[in-house]
Amino acid sequence: MKYLSKLQAILEGGHFAVTTEIGPPKHAGAHGLKYTAQILKDFVDAANITDNQTAIVRLSSIAAGVHLLANALEPVAQMTCRDRNRIAIQSDLLGAYSLGMRNLLCISGDHQQFGNHPTAKNVYDLDSIQLVNLMSRMRDEKQFFCGEEIKEYEPRFFIGAVANPFADPFEYRVDRLEKKIKAGAQFIQTQGVFDMERFERFMELVRARGLDQRAHILAGVIPLKSWRAAKFMQTQVAGMIVPDALVDRLKNAADPPSEGVAVCIEQIKYIRENIKGVHGVHIMAIAWEDIVPEIVKQAGLYPRPEVVLD
């Protein structure tokens with residue numbers, strides 16, 4: 001089989017994938033990206049490049065992806081529906097593919113009122129499900145979004161989307177996931193998992209519909225440095241469930257960052273060993289990317305499998 005990317009080869013080869021996330025800088029310098037890529041390249045299969053996350057202006061996801069590629073780390077380019085109409089989306093993604101990017105994550109994007117330009121106009125010409133569907137059609141049917149033929153060099157992305165098992169209403173989460181998979185999503189990265197019981201219930205519903213056989217599910221995990229970080233996510237981040245017991249554990253720890261890492265490793269091992277249908281983890285070490293290699297090693301996920309792209 002001809003794989004589109006290393007990430008696809010890992011997942012479709014039956015390996016337990018490891019991805020991570022890198023936030024581009026709030027300036028035009030690339031030195032930090034290059035440094036982070038060198039730290040991570042042997043420990044993860046691919047790294048998401050966020051697209052103006054939390055609606056704050058940052059270096060472009062596509063430009064950042066070029067820097068990762070130049071430093072031997074495979075990027076997952078994010079594309080938000082918030083900032084571009086369908087003309088700009090297609091143009092940017094043709095450019096991304098021409099520059100060597102092969103993984104794409106289609107997301108709605110955080111509302112601009114939460115960022116540093118709250119009076120900016122959003123676009124939302126498409127939603128994330130439509131974007132997945134249209135990018136799948138661009139690849140498989142060689143058509144622009146308008147239906148016009150792409151005569152050659154169509155972008156052949158490995159296409160992903162996101163899921164939040166913790167937002168309400170709970171049952172709708174699986175319905176929405178199914179819509180994304182029907183639209184053409186090949187891999188799914190979830191919101192950070194802290195409530196294992198609810199995530200297990202979510203995965204039961206996923207397996208009941210056979211969705212884990214139709215797309216690769218990567219569970220999100222977030223190492224926390226302090227109980228205050230845990231409390232912030234518990235109270236201020238919509239669609240996130242952080243148990244009180246975890247907040248207390250970090251609050252009572254002699255070394256909270258080490259305890260946060262230990263919790264993350266426990267979560268990865270539990271998910272891998274006990275929750276069927278999960279094909280990997282997505283480690284979101286927010287402003288703490290240099291801890292990822294230690295987590296990967298202690299979780300028993302190093303060395304990473306070697307794959308060959310045909």
# chains A, B, ... in the order shown; residues from 1 in each chain; ligands from 1
call {"tool": "select_by_dssp", "arguments": {"residues": "stretch 176-214 of chain A", "states": "strand (DSSP E or B)", "output": "PyMOL selection string"}}
result
chain A and resi 187-192
call {"tool": "closest_atom_pairs", "arguments": {"of": "stretch 112-219 of chain A", "to": "stretch 39-54 of chain A", "cutoff": "8 Å", "atoms": "only C-alpha atoms", "output": "tab-separated table"}}
result
residue	atom	partner	partner_atom	distance
A:Gln112	CA	A:Thr54	CA	7.6
A:Phe114	CA	A:Thr54	CA	6.3
A:Gly115	CA	A:Thr54	CA	5.6
call {"tool": "residues_around", "arguments": {"residues": "A:Glu154", "least_positions_apart": "3", "cutoff": "10 Å", "atoms": "only C-alpha atoms", "output": "number ranges by chain"}}
result
A: 94, 97-98, 138-144, 149-151, 157
call {"tool": "write_last_selection", "arguments": {"atoms": "N, CA, C and O atoms", "output": "PDB file, in the first residue's frame"}}
result
ATOM      1  N   LEU A  94      -3.311  23.877  -1.037  1.00  0.00           N
ATOM      2  CA  LEU A  94      -2.495  23.543  -2.217  1.00  0.00           C
ATOM      3  C   LEU A  94      -1.045  23.936  -1.945  1.00  0.00           C
ATOM      4  O   LEU A  94      -0.106  23.189  -2.257  1.00  0.00           O
ATOM      5  N   TYR A  97       0.596  21.497   0.594  1.00  0.00           N
ATOM      6  CA  TYR A  97       0.967  20.214  -0.021  1.00  0.00           C
ATOM      7  C   TYR A  97       2.199  20.374  -0.903  1.00  0.00           C
ATOM      8  O   TYR A  97       3.087  19.523  -0.903  1.00  0.00           O
ATOM      9  N   SER A  98       2.260  21.469  -1.629  1.00  0.00           N
ATOM     10  CA  SER A  98       3.410  21.696  -2.514  1.00  0.00           C
ATOM     11  C   SER A  98       4.706  21.841  -1.720  1.00  0.00           C
ATOM     12  O   SER A  98       5.798  21.578  -2.236  1.00  0.00           O
ATOM     13  N   MET A 138     -11.475  16.509  -2.847  1.00  0.00           N
ATOM     14  CA  MET A 138     -10.360  17.079  -3.595  1.00  0.00           C
ATOM     15  C   MET A 138      -9.297  16.017  -3.868  1.00  0.00           C
ATOM     16  O   MET A 138      -8.747  15.930  -4.962  1.00  0.00           O
ATOM     17  N   ARG A 139      -9.046  15.179  -2.855  1.00  0.00           N
ATOM     18  CA  ARG A 139      -8.036  14.129  -3.003  1.00  0.00           C
ATOM     19  C   ARG A 139      -8.524  12.968  -3.877  1.00  0.00           C
ATOM     20  O   ARG A 139      -7.837  12.535  -4.803  1.00  0.00           O
ATOM     21  N   ASP A 140      -9.724  12.463  -3.576  1.00  0.00           N
ATOM     22  CA  ASP A 140     -10.177  11.208  -4.179  1.00  0.00           C
ATOM     23  C   ASP A 140     -10.879  11.390  -5.525  1.00  0.00           C
ATOM     24  O   ASP A 140     -10.812  10.510  -6.388  1.00  0.00           O
ATOM     25  N   GLU A 141     -11.539  12.529  -5.692  1.00  0.00           N
ATOM     26  CA  GLU A 141     -12.268  12.769  -6.937  1.00  0.00           C
ATOM     27  C   GLU A 141     -11.625  13.848  -7.795  1.00  0.00           C
ATOM     28  O   GLU A 141     -12.126  14.182  -8.870  1.00  0.00           O
ATOM     29  N   LYS A 142     -10.527  14.408  -7.308  1.00  0.00           N
ATOM     30  CA  LYS A 142      -9.772  15.425  -8.043  1.00  0.00           C
ATOM     31  C   LYS A 142     -10.669  16.594  -8.436  1.00  0.00           C
ATOM     32  O   LYS A 142     -10.729  17.010  -9.600  1.00  0.00           O
ATOM     33  N   GLN A 143     -11.349  17.134  -7.435  1.00  0.00           N
ATOM     34  CA  GLN A 143     -12.250  18.256  -7.686  1.00  0.00           C
ATOM     35  C   GLN A 143     -11.990  19.372  -6.678  1.00  0.00           C
ATOM     36  O   GLN A 143     -11.794  19.117  -5.481  1.00  0.00           O
ATOM     37  N   PHE A 144     -12.020  20.611  -7.166  1.00  0.00           N
ATOM     38  CA  PHE A 144     -12.071  21.745  -6.267  1.00  0.00           C
ATOM     39  C   PHE A 144     -13.420  21.741  -5.549  1.00  0.00           C
ATOM     40  O   PHE A 144     -14.341  21.008  -5.930  1.00  0.00           O
ATOM     41  N   GLU A 149     -12.753  20.362 -12.109  1.00  0.00           N
ATOM     42  CA  GLU A 149     -11.739  19.315 -12.119  1.00  0.00           C
ATOM     43  C   GLU A 149     -10.349  19.867 -11.782  1.00  0.00           C
ATOM     44  O   GLU A 149      -9.960  20.942 -12.238  1.00  0.00           O
ATOM     45  N   ILE A 150      -9.618  19.121 -10.979  1.00  0.00           N
ATOM     46  CA  ILE A 150      -8.195  19.382 -10.775  1.00  0.00           C
ATOM     47  C   ILE A 150      -7.465  18.482 -11.773  1.00  0.00           C
ATOM     48  O   ILE A 150      -7.482  17.264 -11.656  1.00  0.00           O
ATOM     49  N   LYS A 151      -6.832  19.050 -12.732  1.00  0.00           N
ATOM     50  CA  LYS A 151      -6.320  18.261 -13.860  1.00  0.00           C
ATOM     51  C   LYS A 151      -5.063  17.471 -13.515  1.00  0.00           C
ATOM     52  O   LYS A 151      -4.783  16.439 -14.129  1.00  0.00           O
ATOM     53  N   PHE A 157      -3.870  14.522   1.014  1.00  0.00           N
ATOM     54  CA  PHE A 157      -3.635  14.583   2.453  1.00  0.00           C
ATOM     55  C   PHE A 157      -4.181  13.359   3.186  1.00  0.00           C
ATOM     56  O   PHE A 157      -5.196  12.777   2.784  1.00  0.00           O
TER      57      PHE A 157
END
call {"tool": "closest_residue", "arguments": {"among": "A:Asn71, A:Ile62, A:Met101, A:Ser5", "to": "A:Leu33", "atoms": "only C-alpha atoms"}}
result
A:Asn71
call {"tool": "atom_distance", "arguments": {"atom1": "atom CA of A:Gln186", "atom2": "atom CA of A:Phe158"}}
result
6.8 Å
call {"tool": "select_by_dssp", "arguments": {"residues": "stretch 122-203 of chain A", "states": "helix (DSSP H, G or I)", "output": "JSON, numbers by chain"}}
result
{"A": [128, 129, 130, 131, 132, 133, 134, 135, 136, 137, 138, 139, 140, 170, 171, 172, 173, 174, 175, 176, 177, 178, 179, 180, 181, 182, 183, 196, 197, 198, 199, 200, 201, 202, 203]}
call {"tool": "write_last_selection", "arguments": {"atoms": "N, CA and C atoms", "output": "tab-separated table (two decimals), in the first residue's frame"}}
result
chain	number	residue	atom	x	y	z
A	128	SER	N	-16.27	22.34	10.12
A	128	SER	CA	-15.19	21.36	10.07
A	128	SER	C	-15.60	20.08	9.35
A	129	ILE	N	-16.86	19.69	9.47
A	129	ILE	CA	-17.32	18.47	8.78
A	129	ILE	C	-17.34	18.70	7.28
A	130	GLN	N	-17.81	19.85	6.85
A	130	GLN	CA	-17.79	20.17	5.42
A	130	GLN	C	-16.36	20.22	4.89
A	131	LEU	N	-15.45	20.78	5.69
A	131	LEU	CA	-14.06	20.87	5.26
A	131	LEU	C	-13.45	19.48	5.08
A	132	VAL	N	-13.70	18.57	6.02
A	132	VAL	CA	-13.22	17.20	5.88
A	132	VAL	C	-13.75	16.59	4.59
A	133	ASN	N	-15.04	16.74	4.35
A	133	ASN	CA	-15.67	16.16	3.17
A	133	ASN	C	-15.10	16.72	1.87
A	134	LEU	N	-14.94	18.03	1.82
A	134	LEU	CA	-14.46	18.66	0.59
A	134	LEU	C	-12.99	18.36	0.33
A	135	MET	N	-12.19	18.25	1.39
A	135	MET	CA	-10.79	17.88	1.20
A	135	MET	C	-10.66	16.42	0.78
A	136	SER	N	-11.55	15.56	1.26
A	136	SER	CA	-11.56	14.18	0.81
A	136	SER	C	-11.92	14.10	-0.67
A	137	ARG	N	-12.88	14.91	-1.06
A	137	ARG	CA	-13.27	14.92	-2.48
A	137	ARG	C	-12.16	15.50	-3.35
A	138	MET	N	-11.48	16.51	-2.85
A	138	MET	CA	-10.36	17.08	-3.59
A	138	MET	C	-9.30	16.02	-3.87
A	139	ARG	N	-9.05	15.18	-2.86
A	139	ARG	CA	-8.04	14.13	-3.00
A	139	ARG	C	-8.52	12.97	-3.88
A	140	ASP	N	-9.72	12.46	-3.58
A	140	ASP	CA	-10.18	11.21	-4.18
A	140	ASP	C	-10.88	11.39	-5.53
A	170	PHE	N	-23.84	14.35	25.92
A	170	PHE	CA	-22.85	13.30	25.76
A	170	PHE	C	-23.10	12.45	24.52
A	171	GLU	N	-24.34	12.02	24.30
A	171	GLU	CA	-24.64	11.12	23.19
A	171	GLU	C	-24.35	11.79	21.84
A	172	TYR	N	-24.50	13.10	21.79
A	172	TYR	CA	-24.27	13.82	20.54
A	172	TYR	C	-22.80	13.79	20.14
A	173	ARG	N	-21.91	13.60	21.11
A	173	ARG	CA	-20.48	13.56	20.80
A	173	ARG	C	-20.16	12.44	19.82
A	174	VAL	N	-20.79	11.28	20.01
A	174	VAL	CA	-20.54	10.15	19.11
A	174	VAL	C	-21.23	10.38	17.77
A	175	ASP	N	-22.41	10.99	17.78
A	175	ASP	CA	-23.07	11.33	16.52
A	175	ASP	C	-22.19	12.24	15.67
A	176	ARG	N	-21.63	13.25	16.32
A	176	ARG	CA	-20.80	14.20	15.59
A	176	ARG	C	-19.51	13.53	15.09
A	177	LEU	N	-18.95	12.66	15.91
A	177	LEU	CA	-17.78	11.91	15.46
A	177	LEU	C	-18.11	11.08	14.24
A	178	GLU	N	-19.24	10.42	14.26
A	178	GLU	CA	-19.62	9.59	13.11
A	178	GLU	C	-19.78	10.42	11.85
A	179	LYS	N	-20.33	11.62	11.98
A	179	LYS	CA	-20.48	12.50	10.82
A	179	LYS	C	-19.11	12.84	10.23
A	180	LYS	N	-18.14	13.10	11.10
A	180	LYS	CA	-16.79	13.43	10.61
A	180	LYS	C	-16.15	12.25	9.90
A	181	ILE	N	-16.36	11.06	10.44
A	181	ILE	CA	-15.78	9.87	9.81
A	181	ILE	C	-16.48	9.58	8.48
A	182	LYS	N	-17.80	9.73	8.45
A	182	LYS	CA	-18.52	9.56	7.19
A	182	LYS	C	-18.05	10.57	6.15
A	183	ALA	N	-17.71	11.77	6.62
A	183	ALA	CA	-17.24	12.82	5.69
A	183	ALA	C	-15.86	12.51	5.13
A	196	MET	N	-11.39	9.13	33.07
A	196	MET	CA	-11.28	7.86	32.37
A	196	MET	C	-12.62	7.14	32.26
A	197	GLU	N	-13.44	7.25	33.29
A	197	GLU	CA	-14.74	6.57	33.26
A	197	GLU	C	-15.60	7.07	32.10
A	198	ARG	N	-15.65	8.39	31.95
A	198	ARG	CA	-16.46	8.93	30.85
A	198	ARG	C	-15.84	8.59	29.50
A	199	PHE	N	-14.52	8.62	29.42
A	199	PHE	CA	-13.87	8.28	28.15
A	199	PHE	C	-14.14	6.81	27.80
A	200	GLU	N	-14.13	5.94	28.79
A	200	GLU	CA	-14.46	4.53	28.52
A	200	GLU	C	-15.88	4.39	28.01
A	201	ARG	N	-16.81	5.13	28.58
A	201	ARG	CA	-18.20	5.09	28.09
A	201	ARG	C	-18.28	5.60	26.66
A	202	PHE	N	-17.55	6.66	26.37
A	202	PHE	CA	-17.51	7.20	25.01
A	202	PHE	C	-16.98	6.14	24.04
A	203	MET	N	-15.89	5.48	24.41
A	203	MET	CA	-15.31	4.49	23.52
A	203	MET	C	-16.21	3.26	23.36
call {"tool": "closest_residue", "arguments": {"among": "A:Ile56, A:Ile159, A:Leu104, A:Asp127", "to": "A:Arg82", "atoms": "only C-alpha atoms"}}
result
A:Asp127
call {"tool": "residues_around", "arguments": {"residues": "A:Leu126", "least_positions_apart": "4", "cutoff": "12 Å", "atoms": "only C-alpha atoms", "output": "PyMOL selection string"}}
result
chain A and resi 79-90+106-109+122+130-135+145
call {"tool": "residues_around", "arguments": {"residues": "A:Phe16", "least_positions_apart": "4", "cutoff": "12 Å", "atoms": "only C-alpha atoms", "output": "NGL selection string"}}
result
:A and (7-12 or 44-45 or 216-219 or 268-269 or 271-273 or 276-282 or 296 or 299-305)
call {"tool": "write_last_selection", "arguments": {"atoms": "N, CA and C atoms", "output": "compact mmCIF listing (two decimals), in the first residue's frame"}}
result
# COMPACT_ATOMS: atom_id res chain seq x y z
N LEU A 7 2.71 9.17 9.58
CA LEU A 7 1.64 8.97 10.55
C LEU A 7 0.65 7.93 10.05
N GLN A 8 0.26 8.02 8.80
CA GLN A 8 -0.66 7.04 8.24
C GLN A 8 -0.02 5.65 8.24
N ALA A 9 1.24 5.56 7.89
CA ALA A 9 1.93 4.27 7.86
C ALA A 9 1.98 3.64 9.25
N ILE A 10 2.23 4.46 10.27
CA ILE A 10 2.25 3.98 11.64
C ILE A 10 0.89 3.42 12.03
N LEU A 11 -0.15 4.19 11.79
CA LEU A 11 -1.49 3.79 12.21
C LEU A 11 -2.00 2.60 11.42
N GLU A 12 -1.85 2.63 10.12
CA GLU A 12 -2.38 1.54 9.31
C GLU A 12 -1.49 0.31 9.35
N VAL A 44 8.23 11.15 18.57
CA VAL A 44 6.84 11.20 18.12
C VAL A 44 6.78 10.91 16.63
N ASP A 45 5.60 10.51 16.18
CA ASP A 45 5.43 10.19 14.76
C ASP A 45 5.06 11.40 13.94
N HIS A 216 -8.88 6.05 12.89
CA HIS A 216 -7.93 5.82 13.97
C HIS A 216 -8.14 6.86 15.06
N ILE A 217 -8.45 6.39 16.29
CA ILE A 217 -8.73 7.27 17.41
C ILE A 217 -7.46 7.45 18.24
N LEU A 218 -7.03 8.71 18.41
CA LEU A 218 -5.89 9.03 19.25
C LEU A 218 -6.41 9.81 20.47
N ALA A 219 -6.17 9.28 21.65
CA ALA A 219 -6.65 9.91 22.88
C ALA A 219 -5.72 11.05 23.28
N ILE A 268 -1.63 7.23 29.94
CA ILE A 268 -1.26 6.61 28.67
C ILE A 268 -1.26 5.09 28.80
N LYS A 269 -0.65 4.59 29.86
CA LYS A 269 -0.58 3.13 30.06
C LYS A 269 -1.98 2.55 30.24
N ILE A 271 -4.88 3.77 29.14
CA ILE A 271 -5.60 3.84 27.86
C ILE A 271 -5.11 2.73 26.93
N ARG A 272 -3.82 2.58 26.83
CA ARG A 272 -3.25 1.61 25.91
C ARG A 272 -3.61 0.17 26.29
N GLU A 273 -3.62 -0.11 27.58
CA GLU A 273 -3.81 -1.49 28.04
C GLU A 273 -5.27 -1.86 28.26
N LYS A 276 -10.18 -0.48 24.56
CA LYS A 276 -10.11 -0.99 23.19
C LYS A 276 -10.56 0.07 22.19
N GLY A 277 -9.95 0.02 21.02
CA GLY A 277 -10.34 0.93 19.94
C GLY A 277 -9.52 2.20 19.87
N VAL A 278 -8.61 2.40 20.84
CA VAL A 278 -7.73 3.57 20.81
C VAL A 278 -6.44 3.17 20.12
N HIS A 279 -6.05 3.94 19.12
CA HIS A 279 -4.91 3.57 18.28
C HIS A 279 -3.66 4.41 18.53
N GLY A 280 -3.73 5.29 19.52
CA GLY A 280 -2.56 6.12 19.81
C GLY A 280 -2.90 7.20 20.81
N VAL A 281 -1.90 8.01 21.13
CA VAL A 281 -2.11 9.14 22.03
C VAL A 281 -1.60 10.43 21.38
N HIS A 282 -2.27 11.50 21.73
CA HIS A 282 -1.88 12.83 21.28
C HIS A 282 -1.49 13.62 22.52
N VAL A 296 7.23 9.81 26.73
CA VAL A 296 7.20 8.72 25.75
C VAL A 296 8.06 7.55 26.22
N ALA A 299 6.49 5.82 29.29
CA ALA A 299 5.23 5.14 28.95
C ALA A 299 5.47 3.88 28.13
N GLY A 300 6.73 3.58 27.83
CA GLY A 300 7.06 2.38 27.06
C GLY A 300 6.79 2.50 25.58
N LEU A 301 6.82 3.73 25.07
CA LEU A 301 6.52 3.97 23.66
C LEU A 301 7.76 4.37 22.85
N TYR A 302 8.92 4.11 23.42
CA TYR A 302 10.18 4.42 22.73
C TYR A 302 11.04 3.16 22.73
N PRO A 303 11.72 2.88 21.62
CA PRO A 303 11.81 3.67 20.39
C PRO A 303 10.54 3.56 19.55
N ARG A 304 10.35 4.55 18.70
CA ARG A 304 9.21 4.56 17.80
C ARG A 304 9.44 3.58 16.65
N PRO A 305 8.38 2.97 16.13
CA PRO A 305 8.52 2.06 14.99
C PRO A 305 9.08 2.78 13.77
call {"tool": "residues_around", "arguments": {"residues": "stretch 232-244 of chain A", "least_positions_apart": "6", "cutoff": "6 Å", "atoms": "only C-alpha atoms", "output": "VMD selection string"}}
result
chain A and resid 166 to 167 194
call {"tool": "closest_residue", "arguments": {"among": "A:Tyr3, A:Tyr124, A:Tyr35, A:Trp288", "to": "A:Pro257", "atoms": "only C-alpha atoms"}}
result
A:Trp288
call {"tool": "closest_residue", "arguments": {"among": "A:Gln189, A:Ile275, A:Ile283, A:His15", "to": "A:Val162", "atoms": "only C-alpha atoms"}}
result
A:Gln189
call {"tool": "residues_around", "arguments": {"residues": "A:Arg249", "least_positions_apart": "6", "cutoff": "10 Å", "atoms": "only C-alpha atoms", "output": "list in words"}}
result
Ser226, Trp227, Pro256, Glu259, Gly260 and Val263 of chain A
call {"tool": "closest_residue", "arguments": {"among": "A:Arg228, A:Tyr270, A:Val57, A:Ala64", "to": "A:Gly32", "atoms": "only C-alpha atoms"}}
result
A:Ala64
